[in-house]
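Colleague: Provided herewith: entry.cif, mmCIF, C-alpha atoms and all ligand atoms.
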```cif
data_target
loop_
_atom_site.label_atom_id
_atom_site.label_comp_id
_atom_site.auth_asym_id
_atom_site.auth_seq_id
_atom_site.Cartn_x
_atom_site.Cartn_y
_atom_site.Cartn_z
CA MET A 1000 0.00 0.00 0.00
CA ARG A 1001 1.43 3.36 -0.93
CA LEU A 1002 -1.19 5.86 0.05
CA SER A 1003 0.05 8.74 2.12
CA LEU A 1004 -0.45 8.30 5.82
CA SER A 1005 -1.42 11.09 8.13
CA LEU A 1006 1.00 12.62 10.56
CA ALA A 1007 -1.11 11.14 13.30
CA ILE A 1008 -0.22 7.61 12.21
CA LEU A 1009 3.44 8.17 11.48
CA GLY A 1010 3.96 10.56 14.34
CA GLY A 1011 3.91 7.62 16.71
CA LEU A 1012 6.90 6.02 15.01
CA SER A 1013 10.39 6.93 16.01
CA LEU A 1014 13.90 6.20 14.86
CA ILE A 1015 14.37 4.08 17.94
CA PRO A 1016 13.18 0.55 17.17
CA THR A 1017 10.13 -0.38 19.19
CA ALA A 1018 10.11 -3.08 21.78
CA CYS A 1019 8.06 -5.42 19.59
CA SER A 1020 10.70 -5.45 16.84
CA SER A 1021 12.62 -8.65 16.48
CA PRO A 1022 16.35 -8.15 17.11
CA LEU A 1023 16.91 -9.91 13.80
CA LEU A 1024 15.28 -7.02 12.00
CA LEU A 1025 17.34 -4.21 13.50
CA GLN A 1026 19.88 -2.31 11.47
CA THR A 1027 23.28 -2.26 13.02
CA PRO A 1028 24.47 1.23 14.01
CA GLU A 1029 27.26 0.88 11.49
CA THR A 1030 24.81 0.23 8.66
CA THR A 1031 22.48 3.10 9.43
CA SER A 1032 25.21 5.69 9.61
CA SER A 1033 27.60 4.34 6.99
CA TYR A 1034 26.95 6.89 4.26
CA THR A 1035 26.84 9.93 6.52
CA LYS A 1036 30.46 9.23 7.42
CA LYS A 1037 31.59 9.24 3.82
CA ARG A 1038 33.17 12.27 2.26
CA ALA A 1039 30.99 15.32 2.19
CA SER A 1040 30.79 15.80 -1.56
CA ASN A 1041 31.81 14.03 -4.73
CA ASP A 1042 32.44 14.63 -8.40
CA TYR A 1043 28.71 15.04 -8.99
CA GLY A 1044 28.52 17.88 -6.50
CA PHE A 1045 26.34 16.00 -4.05
CA ASP A 1046 26.68 16.44 -0.35
CA SER A 1047 26.22 12.70 0.08
CA VAL A 1048 22.43 12.34 -0.22
CA ALA A 1049 20.49 15.40 -1.39
CA LEU A 1050 16.83 16.28 -0.95
CA ALA A 1051 15.89 16.74 -4.61
CA LEU A 1052 12.15 17.55 -4.52
CA ASN A 1053 10.58 18.89 -1.37
CA THR A 1054 7.11 17.63 -2.24
CA ASP A 1055 5.12 14.38 -2.44
CA PHE A 1056 6.94 12.36 -5.14
CA PRO A 1057 7.16 8.66 -4.15
CA ASP A 1058 8.81 5.74 -5.96
CA PRO A 1059 10.87 7.85 -8.38
CA ALA A 1060 12.37 6.56 -11.63
CA PHE A 1061 14.25 8.49 -14.28
CA VAL A 1062 15.36 8.64 -17.89
CA GLN A 1063 17.93 10.75 -19.69
CA HIS A 1064 16.84 12.88 -22.66
CA THR A 1065 19.05 12.74 -25.77
CA ASN A 1066 20.10 16.33 -24.95
CA GLY A 1067 21.57 15.12 -21.65
CA SER A 1068 18.87 16.43 -19.30
CA TRP A 1069 16.97 14.20 -16.87
CA TYR A 1070 13.29 13.45 -16.30
CA ALA A 1071 11.99 11.81 -13.13
CA PHE A 1072 8.60 10.15 -12.73
CA GLY A 1073 6.69 9.66 -9.50
CA THR A 1074 3.62 7.94 -8.07
CA ASN A 1075 0.31 9.84 -8.18
CA GLY A 1076 0.41 13.09 -6.23
CA ASN A 1077 0.18 16.87 -6.62
CA GLY A 1078 -2.99 16.36 -8.66
CA GLU A 1079 -1.46 14.08 -11.31
CA ARG A 1080 -1.74 10.34 -11.97
CA ILE A 1081 1.92 10.22 -12.93
CA GLN A 1082 4.13 13.13 -11.92
CA VAL A 1083 7.15 14.41 -13.84
CA ALA A 1084 10.19 16.38 -12.68
CA TYR A 1085 13.07 17.86 -14.68
CA SER A 1086 16.78 18.35 -14.04
CA ALA A 1087 19.58 19.62 -16.28
CA ASP A 1088 22.29 18.08 -14.07
CA PHE A 1089 20.60 15.31 -11.95
CA LYS A 1090 21.31 17.37 -8.87
CA SER A 1091 18.90 20.30 -9.02
CA TRP A 1092 15.31 19.18 -9.74
CA SER A 1093 12.02 20.93 -10.34
CA LEU A 1094 8.53 19.48 -10.41
CA LEU A 1095 6.83 19.97 -13.78
CA SER A 1096 3.72 21.26 -12.09
CA GLY A 1097 0.56 20.66 -14.10
CA VAL A 1098 2.18 18.08 -16.41
CA GLU A 1099 0.11 14.88 -16.46
CA ALA A 1100 2.24 12.13 -17.99
CA LEU A 1101 -0.68 9.69 -18.30
CA PRO A 1102 -3.76 11.64 -19.45
CA THR A 1103 -5.46 8.55 -20.94
CA LEU A 1104 -6.37 5.32 -19.15
CA SER A 1105 -6.36 1.84 -20.62
CA GLY A 1106 -9.42 -0.40 -20.68
CA TRP A 1107 -8.14 -2.69 -17.89
CA GLU A 1108 -7.48 -0.10 -15.16
CA THR A 1109 -9.36 2.22 -12.85
CA GLU A 1110 -8.60 5.82 -11.90
CA VAL A 1111 -7.16 4.71 -8.55
CA ASP A 1112 -3.49 4.32 -7.52
CA HIS A 1113 -1.04 5.06 -10.29
CA TRP A 1114 2.13 3.87 -8.64
CA ALA A 1115 5.84 3.56 -9.27
CA PRO A 1116 6.23 4.51 -12.95
CA ASP A 1117 9.39 3.65 -14.87
CA VAL A 1118 10.45 5.10 -18.23
CA PHE A 1119 13.08 4.08 -20.74
CA ARG A 1120 14.10 5.11 -24.25
CA ARG A 1121 13.67 2.37 -26.80
CA ASN A 1122 16.14 1.72 -29.62
CA ASP A 1123 13.66 3.36 -32.04
CA GLY A 1124 13.78 6.54 -29.92
CA LYS A 1125 10.32 6.10 -28.37
CA TYR A 1126 9.93 6.61 -24.63
CA VAL A 1127 8.04 3.76 -22.93
CA MET A 1128 6.44 3.88 -19.48
CA TYR A 1129 5.58 1.02 -17.13
CA TYR A 1130 3.26 1.79 -14.21
CA SER A 1131 0.85 0.03 -11.89
CA ALA A 1132 -2.82 0.79 -11.27
CA ILE A 1133 -5.90 -0.85 -9.76
CA ALA A 1134 -7.51 -3.43 -12.04
CA GLN A 1135 -11.20 -3.16 -12.93
CA GLU A 1136 -11.47 -6.94 -12.61
CA ASN A 1137 -10.50 -6.82 -8.93
CA THR A 1138 -10.40 -3.44 -7.22
CA ASN A 1139 -8.19 -4.80 -4.41
CA ARG A 1140 -5.38 -5.64 -6.84
CA HIS A 1141 -2.89 -3.75 -8.95
CA CYS A 1142 -1.50 -4.75 -12.33
CA ILE A 1143 1.27 -3.46 -14.60
CA GLY A 1144 0.39 -1.31 -17.59
CA VAL A 1145 2.52 0.02 -20.43
CA ALA A 1146 2.19 3.29 -22.36
CA ILE A 1147 4.24 4.97 -25.09
CA ALA A 1148 5.03 8.68 -25.37
CA ASP A 1149 3.15 10.45 -28.13
CA GLY A 1150 5.99 12.53 -29.55
CA ASP A 1151 9.62 12.77 -28.59
CA SER A 1152 9.46 14.35 -25.13
CA PRO A 1153 10.19 12.11 -22.15
CA ALA A 1154 7.52 14.10 -20.28
CA GLY A 1155 4.86 12.49 -22.45
CA PRO A 1156 1.91 12.38 -22.80
CA TYR A 1157 2.05 8.59 -22.59
CA ILE A 1158 -0.73 6.62 -24.28
CA PRO A 1159 -1.53 3.05 -23.13
CA THR A 1160 -0.65 0.53 -25.82
CA SER A 1161 -3.27 -2.11 -25.09
CA ASP A 1162 -6.53 -2.82 -23.28
CA SER A 1163 -4.72 -5.57 -21.38
CA PRO A 1164 -2.11 -5.22 -18.64
CA LEU A 1165 1.46 -6.38 -19.23
CA ALA A 1166 1.47 -8.44 -16.02
CA CYS A 1167 -1.52 -9.19 -13.80
CA PRO A 1168 -1.23 -12.23 -11.51
CA LEU A 1169 -4.50 -11.47 -9.68
CA ASP A 1170 -4.62 -14.79 -7.82
CA GLN A 1171 -1.18 -14.11 -6.27
CA GLY A 1172 -2.02 -10.53 -5.25
CA GLY A 1173 -1.46 -8.64 -8.50
CA ALA A 1174 1.77 -6.87 -9.52
CA ILE A 1175 3.38 -3.47 -8.82
CA ASP A 1176 6.75 -1.70 -9.10
CA ALA A 1177 7.67 -2.46 -12.71
CA SER A 1178 11.11 -1.42 -13.95
CA ASN A 1179 13.02 -1.95 -17.16
CA PHE A 1180 16.41 -3.47 -17.76
CA GLN A 1181 18.43 -3.76 -20.97
CA ASP A 1182 21.29 -6.24 -20.91
CA GLU A 1183 24.63 -5.65 -22.56
CA ASP A 1184 23.59 -7.70 -25.60
CA GLY A 1185 20.48 -5.52 -26.03
CA THR A 1186 17.98 -8.03 -24.62
CA ARG A 1187 15.17 -6.24 -22.79
CA TYR A 1188 13.46 -7.24 -19.55
CA VAL A 1189 10.77 -5.93 -17.26
CA LEU A 1190 11.00 -6.61 -13.51
CA TYR A 1191 8.11 -6.34 -11.08
CA LYS A 1192 6.92 -7.36 -7.63
CA VAL A 1193 4.11 -9.85 -7.17
CA ASP A 1194 2.07 -7.96 -4.56
CA GLY A 1195 1.53 -10.94 -2.29
CA ASN A 1196 1.03 -8.87 0.84
CA SER A 1197 -2.26 -7.59 -0.62
CA VAL A 1198 -3.57 -11.12 -0.06
CA GLY A 1199 -1.78 -11.48 3.27
CA HIS A 1200 -3.43 -12.27 6.58
CA GLY A 1201 -3.04 -8.99 8.40
CA GLY A 1202 -0.47 -7.13 10.47
CA ASP A 1203 2.51 -5.17 9.18
CA CYS A 1204 1.72 -4.28 5.53
CA ASN A 1205 -0.92 -7.05 5.73
CA ASN A 1206 1.75 -9.78 5.84
CA SER A 1207 3.04 -10.38 9.34
CA GLN A 1208 0.38 -12.89 10.42
CA GLU A 1209 0.84 -16.56 9.57
CA PRO A 1210 0.71 -17.97 7.01
CA LEU A 1211 3.01 -15.39 5.40
CA VAL A 1212 2.51 -14.87 1.67
CA PRO A 1213 5.42 -14.68 -0.82
CA THR A 1214 6.16 -11.31 -2.49
CA PRO A 1215 8.47 -12.48 -5.29
CA ILE A 1216 10.45 -10.23 -7.61
CA MET A 1217 9.99 -11.46 -11.17
CA ILE A 1218 11.96 -10.84 -14.37
CA GLN A 1219 10.18 -11.13 -17.72
CA GLN A 1220 12.04 -10.94 -21.01
CA VAL A 1221 10.32 -8.74 -23.58
CA LYS A 1222 10.94 -8.03 -27.25
CA GLU A 1223 12.75 -4.88 -28.37
CA ASP A 1224 9.35 -3.10 -28.26
CA GLY A 1225 9.42 -3.39 -24.45
CA LEU A 1226 5.90 -4.78 -24.31
CA THR A 1227 5.74 -8.20 -25.98
CA PRO A 1228 6.64 -11.00 -23.52
CA VAL A 1229 9.18 -13.62 -24.56
CA GLY A 1230 8.74 -16.85 -22.58
CA ASP A 1231 7.60 -16.89 -18.98
CA ALA A 1232 8.48 -14.61 -16.06
CA ILE A 1233 11.20 -15.99 -13.77
CA GLN A 1234 11.33 -15.48 -10.00
CA ILE A 1235 14.67 -13.98 -8.92
CA LEU A 1236 14.07 -12.94 -5.29
CA ASP A 1237 11.58 -13.32 -2.44
CA ARG A 1238 11.19 -12.09 1.13
CA ASP A 1239 12.74 -13.86 4.09
CA GLU A 1240 12.52 -13.17 7.80
CA SER A 1241 15.11 -10.37 7.66
CA ASP A 1242 13.00 -8.50 5.08
CA GLY A 1243 9.89 -8.22 7.25
CA PRO A 1244 6.60 -8.54 5.34
CA LEU A 1245 7.94 -8.02 1.83
CA VAL A 1246 10.54 -7.20 -0.78
CA GLU A 1247 9.58 -4.72 -3.52
CA ALA A 1248 10.73 -1.91 -5.85
CA PRO A 1249 13.26 -3.89 -7.95
CA SER A 1250 15.84 -1.94 -9.98
CA LEU A 1251 18.49 -3.87 -11.91
CA VAL A 1252 21.86 -2.67 -13.23
CA ARG A 1253 24.88 -4.42 -14.69
CA SER A 1254 28.31 -3.34 -13.53
CA ASP A 1255 31.14 -2.71 -15.98
CA ASP A 1256 32.68 -6.04 -15.07
CA GLY A 1257 29.51 -8.01 -15.74
CA MET A 1258 27.92 -8.34 -12.30
CA TYR A 1259 24.15 -7.96 -12.04
CA LEU A 1260 23.01 -5.86 -9.07
CA LEU A 1261 19.37 -6.03 -8.07
CA PHE A 1262 18.34 -3.15 -5.78
CA TYR A 1263 15.15 -3.55 -3.76
CA SER A 1264 13.31 -2.34 -0.67
CA THR A 1265 12.37 -4.37 2.40
CA HIS A 1266 9.79 -3.96 5.19
CA CYS A 1267 6.60 -1.91 5.08
CA PHE A 1268 6.89 1.48 3.37
CA THR A 1269 5.56 3.22 6.49
CA ASP A 1270 8.14 1.54 8.74
CA VAL A 1271 11.38 3.08 9.99
CA LYS A 1272 12.96 -0.17 8.75
CA TYR A 1273 11.99 0.46 5.09
CA ASP A 1274 15.31 0.60 3.24
CA VAL A 1275 17.28 -0.08 0.07
CA ARG A 1276 19.31 -3.27 -0.20
CA TYR A 1277 20.81 -5.16 -3.10
CA ALA A 1278 21.54 -8.67 -4.26
CA THR A 1279 24.06 -9.79 -6.85
CA ALA A 1280 24.27 -12.45 -9.56
CA SER A 1281 26.62 -13.37 -12.37
CA THR A 1282 23.76 -14.03 -14.82
CA VAL A 1283 20.72 -11.86 -15.37
CA THR A 1284 18.20 -14.48 -14.27
CA GLY A 1285 20.16 -15.33 -11.14
CA PRO A 1286 20.51 -16.94 -8.71
CA TYR A 1287 20.77 -13.64 -6.78
CA THR A 1288 22.56 -13.51 -3.43
CA LYS A 1289 21.29 -10.94 -0.93
CA LYS A 1290 23.96 -8.68 0.55
CA GLY A 1291 22.17 -8.40 3.88
CA ASN A 1292 23.12 -4.88 4.90
CA SER A 1293 21.12 -1.83 3.89
CA LEU A 1294 22.61 0.49 1.28
CA LEU A 1295 20.23 3.22 2.50
CA ALA A 1296 18.41 3.12 5.82
CA SER A 1297 16.76 5.52 8.25
CA ASN A 1298 19.14 7.81 10.13
CA ASP A 1299 19.12 11.34 11.54
CA ALA A 1300 18.43 12.79 8.11
CA LEU A 1301 16.30 10.11 6.42
CA TYR A 1302 13.12 8.29 7.38
CA GLY A 1303 12.14 5.12 5.53
CA PRO A 1304 14.23 5.56 2.38
CA GLY A 1305 13.16 3.25 -0.46
CA GLY A 1306 11.47 2.81 -3.81
CA ALA A 1307 14.84 3.46 -5.44
CA THR A 1308 15.80 3.50 -9.09
CA VAL A 1309 19.47 3.02 -9.94
CA HIS A 1310 21.12 3.31 -13.35
CA GLY A 1311 24.46 1.87 -14.43
CA SER A 1312 26.02 5.34 -14.20
CA GLY A 1313 25.48 5.13 -10.42
CA ASN A 1314 22.79 7.80 -10.36
CA ILE A 1315 20.07 6.92 -7.86
CA LEU A 1316 16.72 8.46 -6.94
CA PHE A 1317 14.63 7.26 -4.01
CA HIS A 1318 12.00 8.57 -1.62
CA GLY A 1319 11.96 9.21 2.11
CA TRP A 1320 9.33 10.60 4.47
CA CYS A 1321 9.52 14.37 4.84
CA ASN A 1322 7.55 17.43 5.94
CA ASP A 1323 6.82 16.01 9.40
CA ASN A 1324 6.45 12.53 7.87
CA SER A 1325 3.35 13.61 5.96
CA VAL A 1326 4.58 12.80 2.42
CA ARG A 1327 7.47 11.09 0.67
CA CYS A 1328 9.95 13.45 -0.99
CA MET A 1329 12.47 12.56 -3.69
CA TYR A 1330 16.16 12.27 -2.83
CA ALA A 1331 19.10 12.03 -5.24
CA ALA A 1332 22.51 10.52 -4.70
CA HIS A 1333 25.30 8.73 -6.52
CA VAL A 1334 26.49 5.23 -5.74
CA ASP A 1335 29.82 3.70 -6.60
CA ILE A 1336 29.43 0.26 -8.16
CA ASP A 1337 32.64 -1.74 -8.03
CA GLY A 1338 32.03 -5.34 -9.04
CA GLY A 1339 29.56 -6.70 -6.53
CA ALA A 1340 30.09 -3.90 -4.01
CA VAL A 1341 27.99 -0.73 -3.86
CA THR A 1342 28.60 2.31 -1.69
CA VAL A 1343 26.81 5.64 -1.46
CA GLU A 1344 29.30 8.35 -2.35
C1 LIG B 1 16.31 19.25 -23.50
O1 LIG B 1 15.12 19.19 -24.25
C2 LIG B 1 13.95 19.53 -23.52
C3 LIG B 1 12.75 19.24 -24.39
O2 LIG B 1 12.86 19.84 -25.64
C4 LIG B 1 14.03 20.97 -23.07
O3 LIG B 1 12.87 21.34 -22.33
C5 LIG B 1 15.24 21.13 -22.20
O4 LIG B 1 15.40 22.48 -21.83
C6 LIG B 1 16.49 20.65 -22.92
N1 LIG B 1 17.57 20.64 -21.95
C7 LIG B 1 18.82 20.95 -22.26
C8 LIG B 1 19.82 20.88 -21.16
O5 LIG B 1 19.15 21.28 -23.40
C1 LIG B 2 -5.16 -8.01 3.28
O1 LIG B 2 -5.43 -9.25 2.61
C2 LIG B 2 -6.80 -9.57 2.51
C3 LIG B 2 -6.91 -10.93 1.83
O2 LIG B 2 -6.28 -11.92 2.58
C4 LIG B 2 -7.53 -8.53 1.68
O3 LIG B 2 -8.90 -8.83 1.66
C5 LIG B 2 -7.31 -7.15 2.29
O4 LIG B 2 -7.83 -6.18 1.43
C6 LIG B 2 -5.82 -6.89 2.47
N1 LIG B 2 -5.63 -5.62 3.14
C7 LIG B 2 -4.82 -4.69 2.65
C8 LIG B 2 -4.72 -3.45 3.48
O5 LIG B 2 -4.20 -4.83 1.62
#
```
As structure tokens, what does this structure read like?

Modeller:
Amino acid sequence: MRLSLSLAILGGLSLIPTACSSPLLLQTPETTSSYTKKRASNDYGFDSVALALNTDFPDPAFVQHTNGSWYAFGTNGNGERIQVAYSADFKSWSLLSGVEALPTLSGWETEVDHWAPDVFRRNDGKYVMYYSAIAQENTNRHCIGVAIADGDSPAGPYIPTSDSPLACPLDQGGAIDASNFQDEDGTRYVLYKVDGNSVGHGGDCNNSQEPLVPTPIMIQQVKEDGLTPVGDAIQILDRDESDGPLVEAPSLVRSDDGMYLLFYSTHCFTDVKYDVRYATASTVTGPYTKKGNSLLASNDALYGPGGATVHGSGNILFHGWCNDNSVRCMYAAHVDIDGGAVTVE
């Protein structure tokens, strides 16, 4: 669930883990403060992690325009189904207020919950967007849709390509958090989360009461068009006890030396333990090995960082609670990817 919570709900949470937390789930002090100890700025001009948009802009993803500028896309907010922001340098961002990236709905979806968009530029120059929305067939489930920009601006408008969703495993809880990946040989994939906690049995994000429901991360090969599936989706990750109720928000990059790094979030998005972690593999379909520690976790300056998108360049956008924990703002940073090791610069 990604609806904004009121201050009243979040106000009761604190950075100090509560007594009911399992010790297994706690971040070590070293993990939570690791990036704040790193050097104050880097070649990209960041002071470590920078607040990039001081407004409601959850689950950010981004694409680079051919002229070098950057466009970010966020979950519904500020009056838009899909929000867009612009940056000339990836560091200084502005919300494109009044720009609706998805003015038209497809036949399968409802008006509710346009979450976690992702955009990429296809080989033919077209910009393609993945997003999730509530399905008409079951208004308790989300599915993944795809839309193509009408024209050559990354800001859209994006027009749905089909009356059917790209992925929609309703019986397993639906699907959210789609992201694209293009391998070195040009093969395209879409990753997403099977939203198992939406059919959970209650508790933390609806999935802390037995029996716990899987929330697998899937990878689906697609044709060069980005929307025609090739073969079946393959499961590459799932939650375990250390992840709390779920894993979600997959973002895949390949390092220069051929390692695949799968970034993801764990725990409930409202929880102080929501974070960004990563797993590595030597082939795109895995097996992926979880690194255990958080890359980004709550600390003095961040609350519940997650929903990250990482590109091979090391640029990363993610959200964290802000403005008295009333909304999730967008943060920007740069990570150093060295083989299977990632650090926030
Ligand atoms: C890139 O192109 C977009 C769309 O035409 C334009 O709005 C933007 O100002 C350009 N940015 C740069 C850095 O040239
Ligand atoms: C929790 O799961 C049940 C199905 O087991 C579903 O009916 C309910 O809507 C879910 N609640 C939330 C908040 O997702």

Colleague: Within 10 Å of Gln1234 of chain A, counting only C-alpha atoms, which residues show up once you throw out same-chain ones fewer than 6 positions away? Write them as a list in words, please.

Modeller: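 In the requested format, the answer is Leu1190, Tyr1191, Lys1192, Val1193, Pro1215, Ile1216, Met1217, Ile1218, Gln1219, Thr1284, Gly1285 and Pro1286 of chain A.
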
Colleague: Mind pulling up the distance from atom CA of Ala1060 of chain A to atom CA of Glu1183 of chain A?

Modeller: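 Distance reported for this atom pair: 20.5 Å.
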
Colleague: Would you compute the distance between atom CA of Tyr1130 of chain A and atom CA of Lys1290 of chain A? Give it in Å to one decimal.

Modeller: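 Computing the Euclidean distance for atom CA of Tyr1130 of chain A and atom CA of Lys1290 of chain A yields 27.5 Å.
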
Colleague: Atom O5 of ligand LIG 1 (chain B) to atom CA of Leu1095 of chain A: how many Å, to one decimal?

Modeller: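 Calculated distance between atom O5 of ligand LIG 1 (chain B) and atom CA of Leu1095 of chain A is 15.7 Å.
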
Colleague: May I have a table of the residues of chain A lying at most 12 Å from ligand LIG 2 (chain B), giving each one's closest pair of atoms and their distance in Å to one decimal, counting all atoms listed in the file, ordered by chain and ascending residue number, as JSON lines?

Modeller:
```
{"residue": "A:Met1000", "atom": "CA", "partner": "B:LIG2", "partner_atom": "O5", "distance": 6.6}
{"residue": "A:Arg1001", "atom": "CA", "partner": "B:LIG2", "partner_atom": "C8", "distance": 10.2}
{"residue": "A:Leu1002", "atom": "CA", "partner": "B:LIG2", "partner_atom": "C8", "distance": 10.5}
{"residue": "A:Asn1137", "atom": "CA", "partner": "B:LIG2", "partner_atom": "O4", "distance": 10.7}
{"residue": "A:Thr1138", "atom": "CA", "partner": "B:LIG2", "partner_atom": "O4", "distance": 9.4}
{"residue": "A:Asn1139", "atom": "CA", "partner": "B:LIG2", "partner_atom": "O4", "distance": 6.0}
{"residue": "A:Arg1140", "atom": "CA", "partner": "B:LIG2", "partner_atom": "O5", "distance": 8.6}
{"residue": "A:His1141", "atom": "CA", "partner": "B:LIG2", "partner_atom": "O5", "distance": 10.7}
{"residue": "A:Leu1169", "atom": "CA", "partner": "B:LIG2", "partner_atom": "C3", "distance": 11.8}
{"residue": "A:Asp1170", "atom": "CA", "partner": "B:LIG2", "partner_atom": "C3", "distance": 10.6}
{"residue": "A:Gln1171", "atom": "CA", "partner": "B:LIG2", "partner_atom": "C3", "distance": 10.4}
{"residue": "A:Gly1172", "atom": "CA", "partner": "B:LIG2", "partner_atom": "C3", "distance": 8.6}
{"residue": "A:Gly1173", "atom": "CA", "partner": "B:LIG2", "partner_atom": "O5", "distance": 11.2}
{"residue": "A:Asp1194", "atom": "CA", "partner": "B:LIG2", "partner_atom": "O5", "distance": 9.3}
{"residue": "A:Gly1195", "atom": "CA", "partner": "B:LIG2", "partner_atom": "O1", "distance": 8.7}
{"residue": "A:Asn1196", "atom": "CA", "partner": "B:LIG2", "partner_atom": "O5", "distance": 6.7}
{"residue": "A:Ser1197", "atom": "CA", "partner": "B:LIG2", "partner_atom": "O5", "distance": 4.0}
{"residue": "A:Val1198", "atom": "CA", "partner": "B:LIG2", "partner_atom": "O1", "distance": 3.8}
{"residue": "A:Gly1199", "atom": "CA", "partner": "B:LIG2", "partner_atom": "O1", "distance": 4.3}
{"residue": "A:His1200", "atom": "CA", "partner": "B:LIG2", "partner_atom": "O2", "distance": 4.9}
{"residue": "A:Gly1201", "atom": "CA", "partner": "B:LIG2", "partner_atom": "C1", "distance": 5.6}
{"residue": "A:Gly1202", "atom": "CA", "partner": "B:LIG2", "partner_atom": "C1", "distance": 8.6}
{"residue": "A:Asp1203", "atom": "CA", "partner": "B:LIG2", "partner_atom": "C8", "distance": 9.4}
{"residue": "A:Cys1204", "atom": "CA", "partner": "B:LIG2", "partner_atom": "C8", "distance": 6.8}
{"residue": "A:Asn1205", "atom": "CA", "partner": "B:LIG2", "partner_atom": "C1", "distance": 5.0}
{"residue": "A:Asn1206", "atom": "CA", "partner": "B:LIG2", "partner_atom": "C1", "distance": 7.6}
{"residue": "A:Ser1207", "atom": "CA", "partner": "B:LIG2", "partner_atom": "C1", "distance": 10.5}
{"residue": "A:Gln1208", "atom": "CA", "partner": "B:LIG2", "partner_atom": "C1", "distance": 10.3}
{"residue": "A:Glu1209", "atom": "CA", "partner": "B:LIG2", "partner_atom": "O2", "distance": 11.0}
{"residue": "A:Pro1210", "atom": "CA", "partner": "B:LIG2", "partner_atom": "O2", "distance": 10.3}
{"residue": "A:Leu1211", "atom": "CA", "partner": "B:LIG2", "partner_atom": "O2", "distance": 10.3}
{"residue": "A:Val1212", "atom": "CA", "partner": "B:LIG2", "partner_atom": "O2", "distance": 9.3}
{"residue": "A:Pro1244", "atom": "CA", "partner": "B:LIG2", "partner_atom": "C1", "distance": 12.0}
{"residue": "A:Cys1267", "atom": "CA", "partner": "B:LIG2", "partner_atom": "C8", "distance": 11.5}
```
